[in-house]
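Here is the structure we will look at, set down as structure tokens.
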Amino acid sequence: MDYREHYPAVLRWLSHMVDFCLALGGFAIVTLVFCNASLRGFAGFDLAWSLEVTSFLLLWSTFFGCAAAIARGAHMRVTEIVEKLVPRPGQRALSIAIDAIIAILLISLIYTGYNISVHTWAQKTTVLYWPVGLLYASMPAGMAVTLIFHLFNMVFDIRNPVVPHASHSDGGEAL
């Protein structure tokens, strides 16, 4: 289920900004890689800085892509096993427990990513001399936005129970 239509204006704006940055980052990655490969093939040299920029963009896009997927309700889930083995009242409790575990995991990723970023901030990259901590800051930043979306989605799901095997893309429909 795409949660974005249920978001308040601030979260919708944040979701659009994430999508815009992902599109811009993806375009920059493709452009840099294509130009660098073309230069290497036709001119016999490459742009050393483009590899660092591309790696930064790829990592930041990965973690913010997670946030975009959460906003869309697009992360993979296997519901068939739970639907067959767990009675319906237990399914709702299990879903809430899984959402709580995911929130705890996201908080631990934010904490760990922040610590790694802080401890590597003084190190510099080899070509552009950017702080290495900026590369690692992608994890806490992306997971923080993911947590914001996940918490809203979790509250929305608690307030709007889902009926299995209905017409929505996640296999359920709000009651």
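Numbering starts fresh at 1 for the residues of each chain in the structure tokens, the chains themselves are lettered A, B, ... in the order given, and ligands are numbered from 1 as they appear.
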
### Query
Tyr3 in chain A: which residues within 10 Å, counting only C-alpha atoms, same-chain residues fewer than 5 positions away excluded, as a ChimeraX atom specification?
/A:12,70-74,149-150,152-153,156-157

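The residue that comes closest to Met154 in chain A, out of A:Leu85, A:Ala97, A:Cys66, A:Val53 and on the basis of only C-alpha atoms, is A:Ala97.
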
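Between CA of Arg4 in chain A and CA of Ala67 in chain A lies a distance of 11.7 Å.
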
#### Entry: Selection near Val145 in chain A, 12 Å with only C-alpha atoms, sequence-local residues under 5 positions removed, as a PyMOL selection string
chain A and resi 11+14-15+17-18+63-71+103+106-107+109-110+138-140+150-152

Export C-alpha atoms of the chosen residues as a CSV table (one decimal), in the first residue's frame?
```csv
chain,number,residue,atom,x,y,z
A,11,LEU,CA,5.6,14.2,5.1
A,14,LEU,CA,9.6,15.2,2.5
A,15,SER,CA,8.7,12.3,0.4
A,17,MET,CA,12.1,15.9,-1.8
A,18,VAL,CA,13.5,12.4,-1.3
A,63,PHE,CA,19.9,4.7,2.1
A,64,PHE,CA,17.4,7.3,0.9
A,65,GLY,CA,16.0,4.8,-1.5
A,66,CYS,CA,15.1,2.7,1.5
A,67,ALA,CA,13.1,5.7,2.8
A,68,ALA,CA,11.3,6.1,-0.5
A,69,ALA,CA,10.4,2.4,-0.5
A,70,ILE,CA,9.0,2.7,3.0
A,71,ALA,CA,6.9,5.7,2.0
A,103,ALA,CA,11.7,0.7,14.4
A,106,LEU,CA,16.3,1.6,12.5
A,107,ILE,CA,17.1,3.4,15.7
A,109,LEU,CA,21.3,1.8,12.6
A,110,ILE,CA,21.0,5.5,13.2
A,138,SER,CA,24.4,8.5,4.6
A,139,MET,CA,23.3,5.7,6.9
A,140,PRO,CA,22.0,7.7,9.9
A,150,HIS,CA,7.9,4.0,9.2
A,151,LEU,CA,6.5,5.4,12.4
A,152,PHE,CA,3.7,7.2,10.5
```

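Residue nearest Trp130 in chain A, chosen from A:Gly25, A:Asn36, A:Phe56, A:Glu5 and counting only C-alpha atoms: A:Phe56.
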
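Close contacts of range 134-137 of chain A, defined as residues with an atom at most 7 Å away when counting only C-alpha atoms, with chain neighbours fewer than 5 positions off set aside, comprise Phe56, Gly113, Tyr114, Ile116, Ser117 and Trp121 of chain A.
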
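Proximity ranking of A:Phe20, A:Tyr111, A:Pro8, A:Leu39 relative to Met143 in chain A places A:Tyr111 first, based on only C-alpha atoms.
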
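CA of Leu105 in chain A is found 29.1 Å from CA of Ile29 in chain A.
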